[in-house]
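**Q** Below you'll find upload.csv; it's CSV, C-alpha atoms.
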```
chain,number,residue,atom,x,y,z
A,1,MET,CA,107.9,77.4,163.8
A,2,GLU,CA,110.3,74.5,163.0
A,3,PRO,CA,108.4,71.9,165.1
A,4,PHE,CA,105.2,72.9,163.3
A,5,ILE,CA,106.9,72.4,159.9
A,6,LEU,CA,108.2,69.0,161.1
A,7,ILE,CA,104.8,67.8,162.1
A,8,VAL,CA,103.3,68.8,158.8
A,9,CYS,CA,106.0,67.0,156.9
A,10,LEU,CA,105.5,63.9,159.0
A,11,LEU,CA,101.7,63.9,158.3
A,12,ILE,CA,102.3,64.3,154.6
A,13,PHE,CA,104.8,61.4,154.7
A,14,ALA,CA,102.4,59.2,156.6
A,15,GLU,CA,99.5,59.8,154.2
A,16,THR,CA,101.8,59.2,151.2
A,17,THR,CA,103.1,55.9,152.7
A,18,PHE,CA,99.5,54.8,153.4
A,19,LEU,CA,98.4,55.5,149.8
A,20,LEU,CA,101.4,53.8,148.3
A,21,PHE,CA,100.7,50.7,150.5
A,22,LYS,CA,97.1,50.6,149.3
A,23,LYS,CA,98.0,51.0,145.7
A,24,HIS,CA,100.5,48.2,145.6
A,25,GLN,CA,98.8,45.6,147.8
A,26,PRO,CA,97.7,42.6,145.9
A,27,LEU,CA,94.1,41.7,145.1
A,28,ARG,CA,92.5,39.9,148.0
A,29,ASN,CA,91.5,36.3,147.3
A,30,GLY,CA,87.8,35.7,147.2
A,31,LYS,CA,86.9,39.3,146.5
A,32,ARG,CA,85.0,40.2,143.4
A,33,LYS,CA,86.8,42.5,141.1
A,34,ILE,CA,84.9,45.7,140.1
A,35,TYR,CA,86.3,47.5,137.0
A,36,ILE,CA,85.3,51.1,137.0
A,37,ASP,CA,85.0,53.1,133.8
A,38,THR,CA,85.5,56.8,133.0
A,39,SER,CA,81.8,57.7,133.2
A,40,ALA,CA,81.4,56.3,136.7
A,41,LEU,CA,84.5,58.2,137.9
A,42,ILE,CA,83.3,61.5,136.4
A,43,ASP,CA,79.8,61.0,137.9
A,44,GLY,CA,81.5,60.7,141.3
A,45,ARG,CA,78.6,59.1,143.2
A,46,ILE,CA,80.6,55.9,143.6
A,47,LEU,CA,82.6,57.7,146.2
A,48,ASN,CA,79.7,57.9,148.6
A,49,VAL,CA,78.7,54.3,147.9
A,50,ALA,CA,82.2,53.2,148.7
A,51,ARG,CA,82.3,55.2,151.9
A,52,SER,CA,79.0,53.6,153.0
A,53,GLY,CA,80.5,50.1,153.0
A,54,PHE,CA,78.2,48.7,150.3
A,55,ILE,CA,81.0,47.8,147.9
A,56,ASP,CA,81.6,44.0,148.1
A,57,GLY,CA,84.8,43.7,146.1
A,58,ASP,CA,88.0,45.3,145.0
A,59,ILE,CA,87.7,48.5,142.9
A,60,ILE,CA,90.1,48.3,140.0
A,61,VAL,CA,91.0,51.4,138.0
A,62,LEU,CA,92.8,50.5,134.8
A,63,LYS,CA,95.6,52.8,133.7
A,64,SER,CA,94.0,53.1,130.3
A,65,VAL,CA,91.0,54.6,132.1
A,66,LEU,CA,93.3,57.1,133.8
A,67,ARG,CA,94.9,57.9,130.5
A,68,GLU,CA,91.5,58.6,129.0
A,69,LEU,CA,90.7,61.0,131.8
A,70,GLN,CA,94.0,62.7,131.4
A,71,LEU,CA,93.4,63.2,127.6
A,72,LEU,CA,90.0,64.8,128.4
A,73,ALA,CA,91.6,66.9,131.2
A,74,ASP,CA,94.2,68.2,128.7
A,75,GLY,CA,91.6,68.9,125.9
A,76,LYS,CA,90.3,72.2,124.6
A,77,ASP,CA,86.7,71.7,125.8
A,78,PRO,CA,86.4,73.5,129.2
A,79,GLU,CA,83.4,71.4,130.3
A,80,LYS,CA,85.1,68.1,129.5
A,81,ARG,CA,88.3,69.3,131.2
A,82,MET,CA,86.4,70.1,134.4
A,83,ARG,CA,84.5,66.8,134.4
A,84,ALA,CA,87.7,64.8,133.7
A,85,ARG,CA,89.5,66.5,136.6
A,86,ALA,CA,86.6,65.7,138.9
A,87,GLY,CA,87.0,62.0,137.8
A,88,MET,CA,90.7,62.1,138.6
A,89,ASP,CA,89.8,63.5,142.0
A,90,THR,CA,87.4,60.7,142.5
A,91,VAL,CA,90.2,58.2,142.0
A,92,LEU,CA,92.3,59.9,144.6
A,93,GLU,CA,89.5,59.9,147.1
A,94,LEU,CA,88.6,56.3,146.5
A,95,GLU,CA,92.2,55.4,147.4
A,96,ARG,CA,91.7,57.1,150.7
A,97,VAL,CA,88.6,55.1,151.6
A,98,VAL,CA,89.8,52.6,154.3
A,99,ASN,CA,87.1,49.9,154.1
A,100,ILE,CA,87.7,49.1,150.4
A,101,ASN,CA,90.7,48.0,148.3
A,102,THR,CA,91.2,50.4,145.4
A,103,ILE,CA,93.9,49.3,143.0
A,104,ILE,CA,95.5,51.1,140.0
A,105,TYR,CA,96.2,48.3,137.5
A,106,ASP,CA,98.7,48.7,134.6
A,107,ASP,CA,96.9,47.1,131.6
A,108,GLY,CA,99.6,48.0,129.1
A,109,GLU,CA,100.0,50.6,126.5
A,110,GLY,CA,96.4,50.8,125.4
A,111,ARG,CA,96.5,48.5,122.4
A,112,LYS,CA,92.7,48.2,122.7
A,113,LYS,CA,90.0,50.8,123.3
A,114,VAL,CA,89.2,51.5,126.9
A,115,ASP,CA,85.8,49.8,126.9
A,116,GLU,CA,87.2,46.7,125.2
A,117,GLU,CA,89.9,46.5,128.0
A,118,LEU,CA,87.3,46.8,130.7
A,119,LEU,CA,85.2,44.1,129.2
A,120,LYS,CA,88.2,41.8,128.7
A,121,PHE,CA,89.4,42.1,132.3
A,122,ALA,CA,85.9,41.7,133.7
A,123,ARG,CA,85.3,38.6,131.5
A,124,ASP,CA,88.7,37.0,132.2
A,125,ASN,CA,88.5,37.5,135.9
A,126,LYS,CA,84.7,36.9,136.4
A,127,GLY,CA,84.3,40.5,137.6
A,128,ALA,CA,81.9,43.3,137.0
A,129,VAL,CA,82.0,46.6,135.1
A,130,LEU,CA,80.9,49.6,137.1
A,131,THR,CA,79.5,52.2,134.7
A,132,ILE,CA,76.7,54.5,133.8
A,133,ASP,CA,77.4,54.3,130.1
A,134,PHE,CA,74.3,52.9,128.4
A,135,ASN,CA,76.0,51.5,125.4
A,136,LEU,CA,78.7,49.8,127.4
A,137,ILE,CA,76.1,48.2,129.6
A,138,LYS,CA,74.3,46.8,126.5
A,139,VAL,CA,77.5,45.4,125.1
A,140,ALA,CA,78.4,43.8,128.5
A,141,GLU,CA,74.9,42.3,128.8
A,142,ALA,CA,75.3,40.8,125.3
A,143,GLU,CA,78.5,39.1,126.4
A,144,ASP,CA,77.1,38.0,129.8
A,145,ILE,CA,79.3,40.3,131.8
A,146,GLU,CA,77.9,41.7,135.0
A,147,THR,CA,77.4,45.4,135.2
A,148,LEU,CA,76.9,47.7,138.2
A,149,ASN,CA,74.9,50.9,137.3
A,150,ILE,CA,74.9,53.8,139.8
A,151,ASN,CA,71.7,55.1,138.1
A,152,GLU,CA,69.9,51.9,138.9
A,153,LEU,CA,71.1,51.9,142.5
A,154,ALA,CA,69.8,55.5,142.9
A,155,LEU,CA,66.4,54.4,141.6
A,156,ALA,CA,66.4,51.4,143.8
A,157,VAL,CA,66.9,53.4,147.0
A,158,ARG,CA,64.7,56.3,146.0
A,159,THR,CA,62.1,57.2,148.7
A,160,GLU,CA,58.8,55.6,147.7
A,161,PHE,CA,55.3,56.9,148.5
A,162,LEU,CA,53.4,54.5,150.7
A,163,PRO,CA,49.7,53.5,150.3
A,164,GLY,CA,47.5,55.9,152.2
A,165,GLU,CA,49.8,58.9,151.8
A,166,LYS,CA,48.3,62.0,150.2
A,167,MET,CA,49.7,64.5,147.7
A,168,GLN,CA,48.5,67.2,145.4
A,169,VAL,CA,48.5,66.2,141.7
A,170,THR,CA,47.5,68.1,138.6
A,171,ILE,CA,45.2,66.0,136.3
A,172,LYS,CA,46.5,66.5,132.8
A,173,GLU,CA,44.2,64.3,130.8
A,174,LYS,CA,41.6,61.5,130.9
A,175,GLY,CA,42.8,58.0,131.3
A,176,ALA,CA,42.4,55.0,129.0
A,177,ASN,CA,39.7,53.5,131.3
A,178,ARG,CA,36.4,55.2,132.0
A,179,GLY,CA,36.4,57.7,134.8
A,180,GLN,CA,40.2,57.8,135.2
A,181,GLY,CA,42.3,60.9,135.2
A,182,VAL,CA,46.1,61.0,134.5
A,183,GLY,CA,48.8,63.2,136.1
A,184,HIS,CA,52.5,62.9,137.0
A,185,LEU,CA,54.4,63.0,140.3
A,186,PRO,CA,57.3,65.5,140.7
A,187,ASP,CA,59.8,62.8,139.5
A,188,GLY,CA,57.9,62.1,136.3
A,189,THR,CA,56.1,58.9,137.5
A,190,MET,CA,52.7,58.5,135.9
A,191,ILE,CA,49.8,58.5,138.3
A,192,ILE,CA,46.3,57.2,137.4
A,193,VAL,CA,43.5,58.6,139.6
A,194,ASP,CA,40.2,56.9,139.9
A,195,LYS,CA,37.1,59.0,139.2
A,196,ALA,CA,39.2,62.0,138.2
A,197,ALA,CA,38.2,62.2,134.5
A,198,ASN,CA,36.2,65.3,135.2
A,199,GLU,CA,39.1,67.0,137.0
A,200,VAL,CA,41.3,67.6,134.0
A,201,GLY,CA,43.1,70.9,134.4
A,202,LYS,CA,42.7,70.9,138.2
A,203,THR,CA,45.1,70.3,141.0
A,204,ILE,CA,43.5,67.9,143.5
A,205,ASN,CA,44.5,66.0,146.6
A,206,VAL,CA,44.9,62.3,145.9
A,207,GLU,CA,45.5,59.3,148.1
A,208,PHE,CA,48.0,56.6,146.9
A,209,MET,CA,46.6,53.1,146.7
A,210,ARG,CA,49.1,50.8,144.9
A,211,PHE,CA,52.1,50.7,142.6
A,212,HIS,CA,52.7,48.7,139.4
A,213,GLU,CA,56.0,48.0,137.7
A,214,THR,CA,56.0,47.8,133.9
A,215,ALA,CA,58.7,47.6,131.2
A,216,ALA,CA,58.3,51.3,130.6
A,217,GLY,CA,58.6,52.2,134.3
A,218,LYS,CA,56.4,52.6,137.4
A,219,ILE,CA,52.8,53.5,137.5
A,220,VAL,CA,51.0,54.8,140.6
A,221,PHE,CA,47.3,54.2,141.2
A,222,ALA,CA,45.4,56.6,143.4
A,223,LYS,CA,41.9,57.9,144.4
A,224,ILE,CA,40.6,61.3,145.1
A,225,ALA,CA,41.2,62.1,148.7
A,226,LYS,CA,38.2,63.2,150.9
A,227,ASN,CA,37.7,66.7,152.3
A,228,GLN,CA,39.9,68.5,149.9
A,229,ILE,CA,40.2,71.9,148.2
A,230,ILE,CA,40.4,71.7,144.4
A,231,LYS,CA,42.4,74.4,142.6
A,232,GLU,CA,41.6,75.4,139.1
A,233,ASN,CA,44.7,75.8,136.9
A,234,LYS,CA,44.5,78.8,134.6
A,235,GLY,CA,46.4,79.2,131.4
```
Translate the structure described by the file into structure tokens.

**A**
Amino acid sequence: MEPFILIVCLLIFAETTFLLFKKHQPLRNGKRKIYIDTSALIDGRILNVARSGFIDGDIIVLKSVLRELQLLADGKDPEKRMRARAGMDTVLELERVVNINTIIYDDGEGRKKVDEELLKFARDNKGAVLTIDFNLIKVAEAEDIETLNINELALAVRTEFLPGEKMQVTIKEKGANRGQGVGHLPDGTMIIVDKAANEVGKTINVEFMRFHETAAGKIVFAKIAKNQIIKENKG
């Protein structure tokens, strides 16, 4: 039994030593500094991105961000407590990712708000703020500070439908142009189907033709597929 306990103790010591080494190693020259905020840590998807090797800089977690997570974790709201603890777990897991440099940086006693601290460090060090906080992104853009948004990344790598593919779509209404019918894909993307104005209320097979990006989002253009069975939607 004693050899087993000794082995376990040695493994714990080795992991602790590795984490301490990672935490105290200096920023690598030439690496972009990525300052991560509370929202991105709570979201947690950054962990998979980091493991994939797509992070091109040092991830820096300010202590003020950790303090904010701790306050939420100690709060009375059970949902916020659970999310904050998940964010703290994300920090621990990021430190274990071998192919990135995750640094806990002491930014003082919190004289400024956390968002202000993040923006200040990103601005002073020509770094980026990693966040999914819409308001923080807007402030950073106004100050010409680079932001990395996990939500935008998720949209960018989302599987696209290719021209020629077929799918069943329910036509909800007539389109703005004559003969067009309008429906939506499962992810909410609007689809405009040529010559489907008379199919309102029906689920039909359509064939994708092209995509168009607008300020409001993506629009898909399609035509009615041949040799199909049309289903009448009741109610």

**Q** Near Asn99 of chain A, counting only C-alpha atoms, which residues have an atom at most 12 Å away, once you skip same-chain residues fewer than 4 positions from it, shown as an MDAnalysis selection string?

**A** chainID A and resid 22 47 49:59 94:95

**Q** Interatomic distance between atom CA of Arg96 of chain A and atom CA of Ile46 of chain A?

**A** 13.2 Å

**Q** Atom CA of Lys80 of chain A to atom CA of Ser39 of chain A: how many Å, to one decimal?

**A**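 Pair atom CA of Lys80 of chain A / atom CA of Ser39 of chain A returns 11.5 Å.
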
**Q** Which one is closest to Leu162 of chain A: A:Ala222, A:Ile132, A:Ile42, A:Ile36? Count all atoms listed in the file.

**A**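 Among the listed residues, A:Ala222 lies closest to Leu162 of chain A.
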
**Q** Got a sec: who's within 8 Å of Asp37 of chain A, counting all atoms listed in the file, leaving out chain neighbours fewer than 2 positions off, as a list in words?

**A** Tyr35, Ser39, Ala40, Leu41, Val61, Val65, Asp115, Leu118, Val129, Leu130 and Thr131 of chain A

**Q** Would you mind exporting the chosen residues as a JSON list (two decimals), keeping the file's coordinate frame, restricted to C-alpha atoms?

**A**
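Result file follows (result-v7.json):
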```
[["chain", "number", "residue", "atom", "x", "y", "z"],
["A", 35, "TYR", "CA", 86.30, 47.50, 137.00],
["A", 39, "SER", "CA", 81.80, 57.70, 133.20],
["A", 40, "ALA", "CA", 81.40, 56.30, 136.70],
["A", 41, "LEU", "CA", 84.50, 58.20, 137.90],
["A", 61, "VAL", "CA", 91.00, 51.40, 138.00],
["A", 65, "VAL", "CA", 91.00, 54.60, 132.10],
["A", 115, "ASP", "CA", 85.80, 49.80, 126.90],
["A", 118, "LEU", "CA", 87.30, 46.80, 130.70],
["A", 129, "VAL", "CA", 82.00, 46.60, 135.10],
["A", 130, "LEU", "CA", 80.90, 49.60, 137.10],
["A", 131, "THR", "CA", 79.50, 52.20, 134.70]]
```

**Q** Find the distance between atom CA of Arg81 of chain A and atom CA of Glu117 of chain A and write it in Å to one decimal.

**A**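 Computing it gives 23.1 Å between the two atoms.
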
**Q** Can you tell me, as a count of residues only, what residues are no more than 10 Å from Glu68 of chain A when counting all atoms listed in the file, ignoring any on the same chain fewer than 4 positions away?

**A** 11

**Q** Applying 9 Å and all atoms listed in the file, which residues near segment 176-181 of chain A remain after dropping the ones on its own chain fewer than 3 positions away? List them as a list of chain:residue names.

**A**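 The filter keeps A:Ile171, A:Lys172, A:Glu173, A:Ile191, A:Ile192, A:Val193, A:Asp194, A:Lys195, A:Ala196, A:Ala197, A:Asn198, A:Glu199, A:Val200.
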
**Q** Have a look at A:Leu62, A:Ala156, A:Ile34, A:Ile219 and name the one nearest to Ile100 of chain A; count all atoms listed in the file.

**A** A:Ile34

**Q** Just checking: using only C-alpha atoms, which residue out of A:Lys31, A:Lys218, A:Lys174, A:His184 ends up closest to Thr102 of chain A?

**A**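 Residue with the minimum atom-to-atom distance to Thr102 of chain A: A:Lys31.
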
**Q** If we draw a sphere of 9 Å around (87.9, 62.4, 138.9), which residues have at least one atom in it when counting only C-alpha atoms? Please report them as a tab-separated table (two decimals) with C-alpha atoms, keeping the file's coordinate frame.

**A**
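part29.tsv, written as the output of this step:
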```tsv
chain	number	residue	atom	x	y	z
A	38	THR	CA	85.50	56.80	133.00
A	41	LEU	CA	84.50	58.20	137.90
A	42	ILE	CA	83.30	61.50	136.40
A	43	ASP	CA	79.80	61.00	137.90
A	44	GLY	CA	81.50	60.70	141.30
A	69	LEU	CA	90.70	61.00	131.80
A	83	ARG	CA	84.50	66.80	134.40
A	84	ALA	CA	87.70	64.80	133.70
A	85	ARG	CA	89.50	66.50	136.60
A	86	ALA	CA	86.60	65.70	138.90
A	87	GLY	CA	87.00	62.00	137.80
A	88	MET	CA	90.70	62.10	138.60
A	89	ASP	CA	89.80	63.50	142.00
A	90	THR	CA	87.40	60.70	142.50
A	91	VAL	CA	90.20	58.20	142.00
A	92	LEU	CA	92.30	59.90	144.60
A	93	GLU	CA	89.50	59.90	147.10
```

**Q** Here is a test: counting all atoms listed in the file, which residue of A:Ala122, A:Leu66, A:Val169, A:Leu71 is nearest to Glu146 of chain A?

**A**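 Of A:Ala122, A:Leu66, A:Val169, A:Leu71, the one nearest Glu146 of chain A, counting all atoms listed in the file, is A:Ala122.
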
**Q** For a quick check of understanding, using only C-alpha atoms, which of A:Met190, A:Leu148, A:Val220, A:Val98 has the smallest distance to Phe134 of chain A?

**A**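 So, comparing all the options, the nearest one is A:Leu148.
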